[in-house]
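This is work-v5.tsv (TSV, C-alpha atoms and all ligand atoms).
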```
chain	number	residue	atom	x	y	z
A	1	MET	CA	-8.60	14.97	10.46
A	2	LYS	CA	-6.47	15.40	7.34
A	3	GLY	CA	-5.40	12.69	4.93
A	4	LYS	CA	-8.57	11.75	3.08
A	5	LEU	CA	-8.03	10.53	-0.45
A	6	ASP	CA	-11.06	10.27	-2.71
A	7	ALA	CA	-10.80	8.55	-6.06
A	8	SER	CA	-13.94	8.86	-8.08
A	9	GLY	CA	-14.78	7.28	-11.44
A	10	VAL	CA	-11.13	6.65	-12.33
A	11	SER	CA	-10.53	5.24	-15.82
A	12	PHE	CA	-7.04	4.62	-17.17
A	13	SER	CA	-5.56	3.20	-20.38
A	14	TYR	CA	-2.00	2.34	-21.36
A	15	GLY	CA	-2.04	3.56	-24.97
A	16	ASN	CA	-5.35	2.31	-26.31
A	17	ARG	CA	-5.52	-0.56	-23.83
A	18	ARG	CA	-8.16	0.22	-21.18
A	19	VAL	CA	-6.99	-1.15	-17.81
A	20	LEU	CA	-9.28	0.67	-15.32
A	21	ARG	CA	-12.92	1.50	-15.82
A	22	ASP	CA	-14.81	3.79	-13.45
A	23	VAL	CA	-13.02	2.79	-10.23
A	24	SER	CA	-13.86	4.67	-7.01
A	25	LEU	CA	-12.40	4.37	-3.53
A	26	SER	CA	-12.41	6.61	-0.50
A	27	VAL	CA	-9.30	6.20	1.67
A	28	GLN	CA	-10.07	7.52	5.15
A	29	PRO	CA	-7.88	8.45	8.14
A	30	GLY	CA	-7.71	5.62	10.64
A	31	VAL	CA	-9.06	3.09	8.16
A	32	PHE	CA	-7.11	0.14	6.73
A	33	SER	CA	-8.17	-0.34	3.10
A	34	ALA	CA	-7.05	-3.28	0.98
A	35	ILE	CA	-7.12	-3.50	-2.81
A	36	ILE	CA	-7.51	-7.07	-3.95
A	37	GLY	CA	-8.11	-8.89	-7.21
A	38	PRO	CA	-6.46	-11.36	-9.59
A	39	ASN	CA	-3.19	-10.76	-11.44
A	40	GLY	CA	-3.66	-8.12	-14.10
A	41	SER	CA	-6.94	-6.80	-12.65
A	42	GLY	CA	-5.47	-3.28	-12.39
A	43	LYS	CA	-4.47	-3.01	-8.70
A	44	THR	CA	-1.01	-1.49	-9.21
A	45	THR	CA	-2.30	0.79	-11.95
A	46	PHE	CA	-5.03	2.07	-9.64
A	47	LEU	CA	-2.56	2.62	-6.77
A	48	LYS	CA	-0.30	4.58	-9.13
A	49	ASN	CA	-3.27	6.78	-10.04
A	50	LEU	CA	-3.79	7.43	-6.32
A	51	LEU	CA	-0.09	8.24	-5.93
A	52	ARG	CA	0.08	10.79	-8.76
A	53	GLN	CA	2.43	8.51	-10.69
A	54	LEU	CA	-0.20	8.05	-13.41
A	55	THR	CA	-2.95	10.47	-14.39
A	56	PRO	CA	-6.46	9.17	-14.95
A	57	GLN	CA	-7.97	9.83	-18.36
A	58	ARG	CA	-11.34	10.17	-16.66
A	59	GLY	CA	-12.34	10.71	-13.04
A	60	THR	CA	-10.71	12.57	-10.19
A	61	VAL	CA	-8.42	11.92	-7.25
A	62	LEU	CA	-8.79	14.45	-4.43
A	63	LEU	CA	-6.63	14.86	-1.33
A	64	ASP	CA	-8.68	16.63	1.32
A	65	GLY	CA	-10.82	18.06	-1.44
A	66	ARG	CA	-7.94	19.24	-3.68
A	67	GLU	CA	-7.15	17.67	-7.04
A	68	ILE	CA	-3.81	15.88	-6.51
A	69	ARG	CA	-2.49	16.94	-9.93
A	70	GLU	CA	-2.60	20.53	-8.68
A	71	LEU	CA	-0.34	19.78	-5.71
A	72	SER	CA	3.42	19.99	-6.03
A	73	ARG	CA	5.40	16.76	-5.74
A	74	ARG	CA	6.75	17.90	-2.37
A	75	GLU	CA	3.33	18.87	-1.11
A	76	TYR	CA	1.95	15.49	-2.05
A	77	ALA	CA	4.98	13.67	-0.58
A	78	ARG	CA	4.39	15.35	2.79
A	79	ALA	CA	0.89	13.84	2.83
A	80	ALA	CA	1.41	10.42	1.24
A	81	GLY	CA	4.19	7.86	1.63
A	82	SER	CA	4.49	4.88	-0.65
A	83	VAL	CA	6.05	1.44	-0.66
A	84	PRO	CA	6.34	0.28	-4.28
A	85	GLN	CA	6.32	-3.35	-5.40
A	86	ASN	CA	9.93	-3.46	-6.58
A	87	PRO	CA	11.77	-0.41	-5.31
A	88	SER	CA	15.09	0.26	-7.01
A	89	LEU	CA	17.67	0.46	-4.25
A	90	ASP	CA	20.85	-0.11	-6.15
A	91	TYR	CA	22.65	2.95	-4.97
A	92	GLU	CA	25.67	3.41	-2.77
A	93	TYR	CA	23.85	4.06	0.47
A	94	THR	CA	23.46	2.52	3.89
A	95	VAL	CA	20.13	1.48	5.33
A	96	GLU	CA	20.10	4.57	7.57
A	97	ASP	CA	20.79	6.89	4.59
A	98	ILE	CA	17.84	5.40	2.71
A	99	VAL	CA	15.50	5.66	5.70
A	100	LEU	CA	16.52	9.28	6.37
A	101	MET	CA	15.46	10.16	2.81
A	102	GLY	CA	11.92	9.89	4.18
A	103	ARG	CA	12.52	13.25	5.92
A	104	TYR	CA	13.39	15.14	2.72
A	105	PRO	CA	9.83	16.30	1.89
A	106	HIS	CA	9.77	18.00	5.32
A	107	LEU	CA	13.07	19.86	4.98
A	108	GLY	CA	13.32	23.39	3.68
A	109	ARG	CA	15.79	24.28	0.93
A	110	LEU	CA	19.37	23.78	2.18
A	111	GLN	CA	18.03	22.72	5.57
A	112	ARG	CA	20.07	19.94	7.23
A	113	LEU	CA	18.68	16.90	9.00
A	114	SER	CA	18.14	17.63	12.69
A	115	ALA	CA	18.49	15.39	15.75
A	116	GLY	CA	14.67	15.20	15.71
A	117	ASP	CA	14.70	13.88	12.12
A	118	ARG	CA	17.25	11.22	13.11
A	119	GLU	CA	15.12	10.25	16.10
A	120	ILE	CA	12.06	9.76	13.83
A	121	ALA	CA	14.13	7.59	11.46
A	122	HIS	CA	15.52	5.61	14.41
A	123	GLU	CA	12.02	4.88	15.71
A	124	ALA	CA	10.83	3.87	12.20
A	125	MET	CA	13.80	1.47	11.83
A	126	ARG	CA	12.97	0.00	15.22
A	127	ARG	CA	9.32	-0.54	14.30
A	128	ALA	CA	10.18	-2.09	10.91
A	129	GLU	CA	12.86	-4.24	12.60
A	130	VAL	CA	15.81	-2.99	10.58
A	131	LEU	CA	17.62	-1.04	13.29
A	132	GLU	CA	20.38	-3.61	13.60
A	133	LEU	CA	20.97	-3.32	9.83
A	134	ARG	CA	21.35	0.46	9.83
A	135	ASP	CA	25.02	0.61	8.86
A	136	GLN	CA	24.70	-2.09	6.20
A	137	HIS	CA	24.99	-1.38	2.55
A	138	ILE	CA	21.54	-1.39	0.92
A	139	THR	CA	22.67	-3.57	-1.99
A	140	ARG	CA	23.74	-6.35	0.39
A	141	LEU	CA	20.33	-7.01	1.95
A	142	SER	CA	17.96	-9.88	1.30
A	143	GLY	CA	14.68	-9.10	-0.51
A	144	GLY	CA	12.71	-9.17	2.76
A	145	GLU	CA	15.20	-6.94	4.58
A	146	ALA	CA	15.13	-4.42	1.73
A	147	GLN	CA	11.31	-4.47	1.81
A	148	ARG	CA	11.36	-3.58	5.53
A	149	VAL	CA	13.86	-0.77	4.88
A	150	VAL	CA	11.48	0.77	2.33
A	151	ILE	CA	8.66	0.49	4.86
A	152	ALA	CA	10.86	2.23	7.46
A	153	ARG	CA	11.58	5.02	4.94
A	154	ALA	CA	7.84	5.48	4.36
A	155	LEU	CA	7.20	5.61	8.14
A	156	THR	CA	9.98	8.20	8.50
A	157	GLN	CA	8.03	10.39	6.12
A	158	GLU	CA	5.30	10.52	8.84
A	159	PRO	CA	2.62	10.54	6.14
A	160	GLN	CA	-1.10	10.97	6.67
A	161	ILE	CA	-1.64	8.34	3.99
A	162	LEU	CA	0.48	5.24	3.53
A	163	ALA	CA	0.09	3.40	0.21
A	164	LEU	CA	1.73	0.02	-0.25
A	165	ASP	CA	1.95	-2.42	-3.14
A	166	GLU	CA	2.07	-5.96	-1.73
A	167	PRO	CA	4.15	-5.08	1.35
A	168	THR	CA	4.30	-8.70	2.48
A	169	ASN	CA	5.94	-9.81	-0.75
A	170	HIS	CA	9.39	-11.27	0.09
A	171	LEU	CA	8.60	-11.48	3.82
A	172	ASP	CA	8.61	-14.66	5.91
A	173	ILE	CA	5.43	-15.46	7.85
A	174	ARG	CA	6.54	-13.80	11.07
A	175	HIS	CA	7.50	-10.57	9.32
A	176	GLN	CA	4.30	-10.67	7.23
A	177	THR	CA	2.12	-10.58	10.33
A	178	ALA	CA	4.49	-8.14	12.09
A	179	ILE	CA	4.28	-5.63	9.22
A	180	LEU	CA	0.51	-5.94	8.83
A	181	GLY	CA	0.14	-5.60	12.61
A	182	LEU	CA	2.31	-2.48	12.48
A	183	LEU	CA	0.14	-0.99	9.71
A	184	LYS	CA	-2.96	-1.77	11.74
A	185	ASP	CA	-1.46	-0.03	14.80
A	186	LEU	CA	-0.56	3.03	12.72
A	187	CYS	CA	-4.17	3.25	11.56
A	188	ARG	CA	-5.58	2.85	15.04
A	189	ASP	CA	-3.10	4.82	17.14
A	190	LYS	CA	-2.01	7.57	14.76
A	191	GLY	CA	-5.09	7.81	12.54
A	192	ILE	CA	-3.06	7.14	9.39
A	193	ALA	CA	-4.99	6.13	6.29
A	194	VAL	CA	-3.51	2.86	5.03
A	195	VAL	CA	-4.23	1.63	1.52
A	196	THR	CA	-2.48	-1.52	0.46
A	197	ILE	CA	-2.59	-4.12	-2.26
A	198	LEU	CA	-2.82	-7.61	-0.77
A	199	HIS	CA	-2.86	-10.98	-2.47
A	200	ASP	CA	-3.61	-13.09	0.56
A	201	LEU	CA	-7.37	-12.93	1.08
A	202	ASN	CA	-7.01	-14.12	4.67
A	203	PHE	CA	-4.79	-11.13	5.44
A	204	ALA	CA	-7.44	-8.87	3.88
A	205	LEU	CA	-10.06	-10.60	6.03
A	206	GLY	CA	-7.94	-10.37	9.18
A	207	TYR	CA	-6.50	-6.86	8.93
A	208	ALA	CA	-8.52	-4.67	6.57
A	209	ASP	CA	-11.48	-2.54	7.61
A	210	MET	CA	-12.63	-2.31	4.03
A	211	VAL	CA	-11.67	-3.94	0.74
A	212	LEU	CA	-11.93	-2.99	-2.91
A	213	LEU	CA	-12.24	-6.11	-5.06
A	214	LEU	CA	-11.17	-5.46	-8.66
A	215	HIS	CA	-12.13	-7.70	-11.55
A	216	GLU	CA	-10.81	-7.02	-15.06
A	217	GLY	CA	-10.26	-3.34	-14.28
A	218	SER	CA	-13.69	-2.69	-12.75
A	219	VAL	CA	-14.98	-2.71	-9.20
A	220	TYR	CA	-16.58	-6.08	-8.53
A	221	SER	CA	-17.56	-4.97	-5.01
A	222	SER	CA	-16.27	-2.92	-2.08
A	223	GLY	CA	-17.04	-2.84	1.62
A	224	PRO	CA	-16.17	-4.66	4.86
A	225	PRO	CA	-14.06	-7.76	4.07
A	226	GLY	CA	-16.47	-10.18	5.73
A	227	GLU	CA	-19.22	-9.04	3.35
A	228	ILE	CA	-17.08	-8.91	0.22
A	229	LEU	CA	-14.99	-12.07	0.48
A	230	THR	CA	-17.76	-14.59	-0.01
A	231	PRO	CA	-17.17	-17.99	-1.63
A	232	ARG	CA	-19.36	-16.86	-4.53
A	233	ALA	CA	-17.34	-13.68	-5.14
A	234	ILE	CA	-14.06	-15.60	-4.93
A	235	GLU	CA	-15.31	-18.18	-7.40
A	236	GLU	CA	-16.59	-15.55	-9.84
A	237	VAL	CA	-13.52	-13.31	-9.68
A	238	TYR	CA	-10.68	-15.81	-9.21
A	239	GLY	CA	-12.33	-18.94	-10.65
A	240	VAL	CA	-11.41	-20.92	-7.54
A	241	GLU	CA	-13.74	-22.88	-5.30
A	242	ALA	CA	-13.54	-21.48	-1.77
A	243	ALA	CA	-15.23	-21.87	1.61
A	244	VAL	CA	-15.17	-19.77	4.75
A	245	THR	CA	-14.28	-21.72	7.85
A	246	THR	CA	-12.98	-20.86	11.33
A	247	ASN	CA	-9.31	-20.43	12.16
A	248	PRO	CA	-8.74	-22.91	15.00
A	249	ILE	CA	-6.05	-20.70	16.57
A	250	ASN	CA	-7.91	-17.41	16.91
A	251	GLY	CA	-11.52	-18.42	16.16
A	252	LYS	CA	-11.78	-15.87	13.33
A	253	PRO	CA	-13.20	-16.52	9.82
A	254	HIS	CA	-10.69	-18.14	7.49
A	255	ILE	CA	-10.92	-18.79	3.75
A	256	VAL	CA	-9.87	-22.17	2.39
A	257	TYR	CA	-9.58	-23.19	-1.27
A	258	ARG	CA	-9.93	-26.35	-3.29
A	259	THR	CA	-6.38	-27.26	-4.19
A	301	LIG	N1	3.40	0.12	-18.32
A	301	LIG	C1	2.45	-0.66	-18.87
A	301	LIG	N2	2.18	-0.61	-20.19
A	301	LIG	C2	1.21	-1.35	-20.76
A	301	LIG	N3	0.42	-2.21	-20.07
A	301	LIG	C3	0.63	-2.31	-18.75
A	301	LIG	C4	1.65	-1.55	-18.09
A	301	LIG	N4	1.61	-1.85	-16.76
A	301	LIG	C5	0.63	-2.78	-16.62
A	301	LIG	N5	0.04	-3.04	-17.81
A	301	LIG	C6	-1.09	-3.97	-18.04
A	301	LIG	O1	-2.21	-3.49	-17.30
A	301	LIG	C7	-2.92	-4.56	-16.72
A	301	LIG	C8	-3.06	-4.30	-15.22
A	301	LIG	O2	-1.78	-4.35	-14.62
A	301	LIG	P1	-1.54	-4.08	-13.10
A	301	LIG	O3	-0.08	-4.18	-12.84
A	301	LIG	O4	-2.23	-2.82	-12.71
A	301	LIG	O5	-2.33	-5.32	-12.46
A	301	LIG	P2	-2.27	-5.94	-11.00
A	301	LIG	O6	-3.69	-6.23	-10.62
A	301	LIG	O7	-1.49	-5.06	-10.10
A	301	LIG	O8	-1.52	-7.31	-11.24
A	301	LIG	P3	-0.55	-8.25	-10.32
A	301	LIG	O9	-1.44	-8.90	-9.32
A	301	LIG	O10	-0.02	-9.23	-11.31
A	301	LIG	O11	0.52	-7.37	-9.73
A	301	LIG	C9	-2.14	-5.83	-17.03
A	301	LIG	O12	-2.80	-6.52	-18.05
A	301	LIG	C10	-0.80	-5.33	-17.49
A	301	LIG	O13	-0.26	-6.17	-18.47
```
Could you render the structure as structure tokens?
Amino acid sequence: MKGKLDASGVSFSYGNRRVLRDVSLSVQPGVFSAIIGPNGSGKTTFLKNLLRQLTPQRGTVLLDGREIRELSRREYARAAGSVPQNPSLDYEYTVEDIVLMGRYPHLGRLQRLSAGDREIAHEAMRRAEVLELRDQHITRLSGGEAQRVVIARALTQEPQILALDEPTNHLDIRHQTAILGLLKDLCRDKGIAVVTILHDLNFALGYADMVLLLHEGSVYSSGPPGEILTPRAIEEVYGVEAAVTTNPINGKPHIVYRT
């Protein structure tokens, strides 16, 4: 199956400020990977290195064995869709226009959008729960609505890899679980590789198949969330006392903190 992204030994500096040191992650089809870590630990910078938006000073990022820097922008966009932290959407477009932009990497030069492209966008808007907003002006949406539009655009791209930077930011609790459930379904049913930054450790525990825990730009640990998110790791990385208990609603492990 295609859509395997392998980052190996990635180091990155902004100017002479080293932000990532020797970070590796393998993003696999059908696997939900979460990048976690405190503010400033390098999560967004690492995701941007995976997305070809930044180039590592050391290390490699391979898509199905090919160095991503050697792929054209279009080629990479056909494989990987992204949902940035603060997308700029201040243009004169409707929700449907924005979502349809997800088809552009698949269109040939001068090729027009087909009924099939519109059907894919329609289905993505339905799944991201923005269909009823489709004729609305993008600048008149709430933060959470705009976030769901950007997710619909990424789904419309039909990527093999979906990379998201805090997709639950701005969303209310129902939409948070709806979007994470949708990502989980995409992994399971369509074999998409999902890699997402998450702040809520309980979401990482509940939805991710594997987590990468970053600490000051280095990998503290990586593996199945139940093995990585221990009270000791949380205390060492976040400096917060934590305990793992049981969620009384679903009986699953749940992390609580000293407040
Ligand atoms: N464009 C930039 N130029 C210089 N330094 C930057 C730039 N972007 C980020 N940094 C610095 O790099 C470090 C890592 O930032 P990054 O955004 O990757 O962290 P993060 O883990 O995603 O944080 P958060 O949880 O707050 O979103 C931070 O100390 C930040 O100040």
Long-range neighbours of stretch 63-75 of chain A as a ChimeraX atom specification, 10 Å cut-off, all atoms listed in the file, 4 positions minimum in chain
/A:1-7,27-28,49-55,79-80,104-107,161
Using 6 Å as the limit and counting only C-alpha atoms and all ligand atoms, can you tabulate each residue of chain A that touches ligand LIG 301 (chain A), with its shortest atom-to-atom distance in Å and the two atoms involved, as CSV?
```
residue,atom,partner,partner_atom,distance
A:Tyr14,CA,A:LIG301,C2,4.9
A:Val19,CA,A:LIG301,O1,5.3
A:Pro38,CA,A:LIG301,O9,5.6
A:Asn39,CA,A:LIG301,O9,3.3
A:Gly40,CA,A:LIG301,O5,3.5
A:Ser41,CA,A:LIG301,O6,3.9
A:Gly42,CA,A:LIG301,O4,3.3
A:Lys43,CA,A:LIG301,O6,3.8
A:Thr44,CA,A:LIG301,O7,3.7
A:Thr45,CA,A:LIG301,O4,3.7
```
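Interatomic distance, atom CA of A:Thr156 against atom CA of A:Ala121: 5.1 Å.
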Of the candidates A:Val256, A:Leu155, A:Val95, A:Leu113, which shows the shortest atom-to-atom distance to A:Gln136, using only C-alpha atoms?
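Closest candidate: A:Val95.
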Contacts of A:Ala178 at 10 Å or less, counting only C-alpha atoms, minus same-chain residues fewer than 6 places along, as a ChimeraX atom specification?
/A:127-129,168,171-172,184
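Put simply, atom CA of A:Asp97 is 25.0 Å away from atom CA of A:Lys190.
Residue nearest A:Glu92, chosen from A:Ile228, A:Ile138, A:Ile255, A:Ile35 and counting all atoms listed in the file: A:Ile138.
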Residues within 10 Å of A:Arg134, please, as a list in words. Count only C-alpha atoms; anything in the same chain fewer than 3 positions from it doesn't count.
Thr94, Val95, Glu96, Asp97, Ile98, Val99, His122, Met125, Arg126, Val130, Leu131, His137, Ile138 and Val149 of chain A
Nearest candidate to A:Gln176 (options A:Val83, A:Leu205, A:Leu198, A:Val61; using only C-alpha atoms):
A:Leu198
Can you measure atom CA of A:Gly143 to atom CA of A:Arg103 for me? One decimal in Å is fine.
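Interatomic distance, atom CA of A:Gly143 to atom CA of A:Arg103: 23.4 Å.
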Quick one: of A:Leu162, A:Gly223, A:Leu100, A:Val240, who's nearest to A:Ala115, counting all atoms listed in the file?
A:Leu100
With only C-alpha atoms as the counted atoms, please give the residues lying no more than 10 Å from A:Ser222, apart from itself and same-chain residues fewer than 2 positions off, as a list of chain:residue names.
A:Ser24, A:Leu25, A:Ser33, A:Ala34, A:Ile35, A:Ile36, A:Met210, A:Val211, A:Leu212, A:Leu213, A:Leu214, A:Val219, A:Tyr220, A:Pro224, A:Pro225, A:Glu227, A:Ile228, A:Leu229
I'd like the neighbourhood of A:Val31 as a ChimeraX atom specification, where a residue qualifies if any of its atoms comes within 7 Å (using only C-alpha atoms), though same-chain residues fewer than 2 positions away should be ignored.
/A:28-29,33,187,193-194,209
Around all the atoms of stretch 160-173 of chain A listed in the file, with 5 Å of room on each side, what axis-aligned box do you get, giving centre and edge lengths in Å to one decimal, as JSON?
```
{"center_x": 3.9, "center_y": -2.2, "center_z": 2.4, "size_x": 21.0, "size_y": 36.4, "size_z": 21.0}
```
Which residue, A:Pro253, A:Gly108, A:Pro84, A:Gly9, has the smallest gap to A:Asn169 when you use only C-alpha atoms?
A:Pro84
My list of candidates is A:Arg153, A:Arg17, A:Arg188, A:Arg232. Which is closest to A:Tyr207 when distances are computed with only C-alpha atoms?
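Comparing A:Arg153, A:Arg17, A:Arg188, A:Arg232 against A:Tyr207, the winner is A:Arg188.
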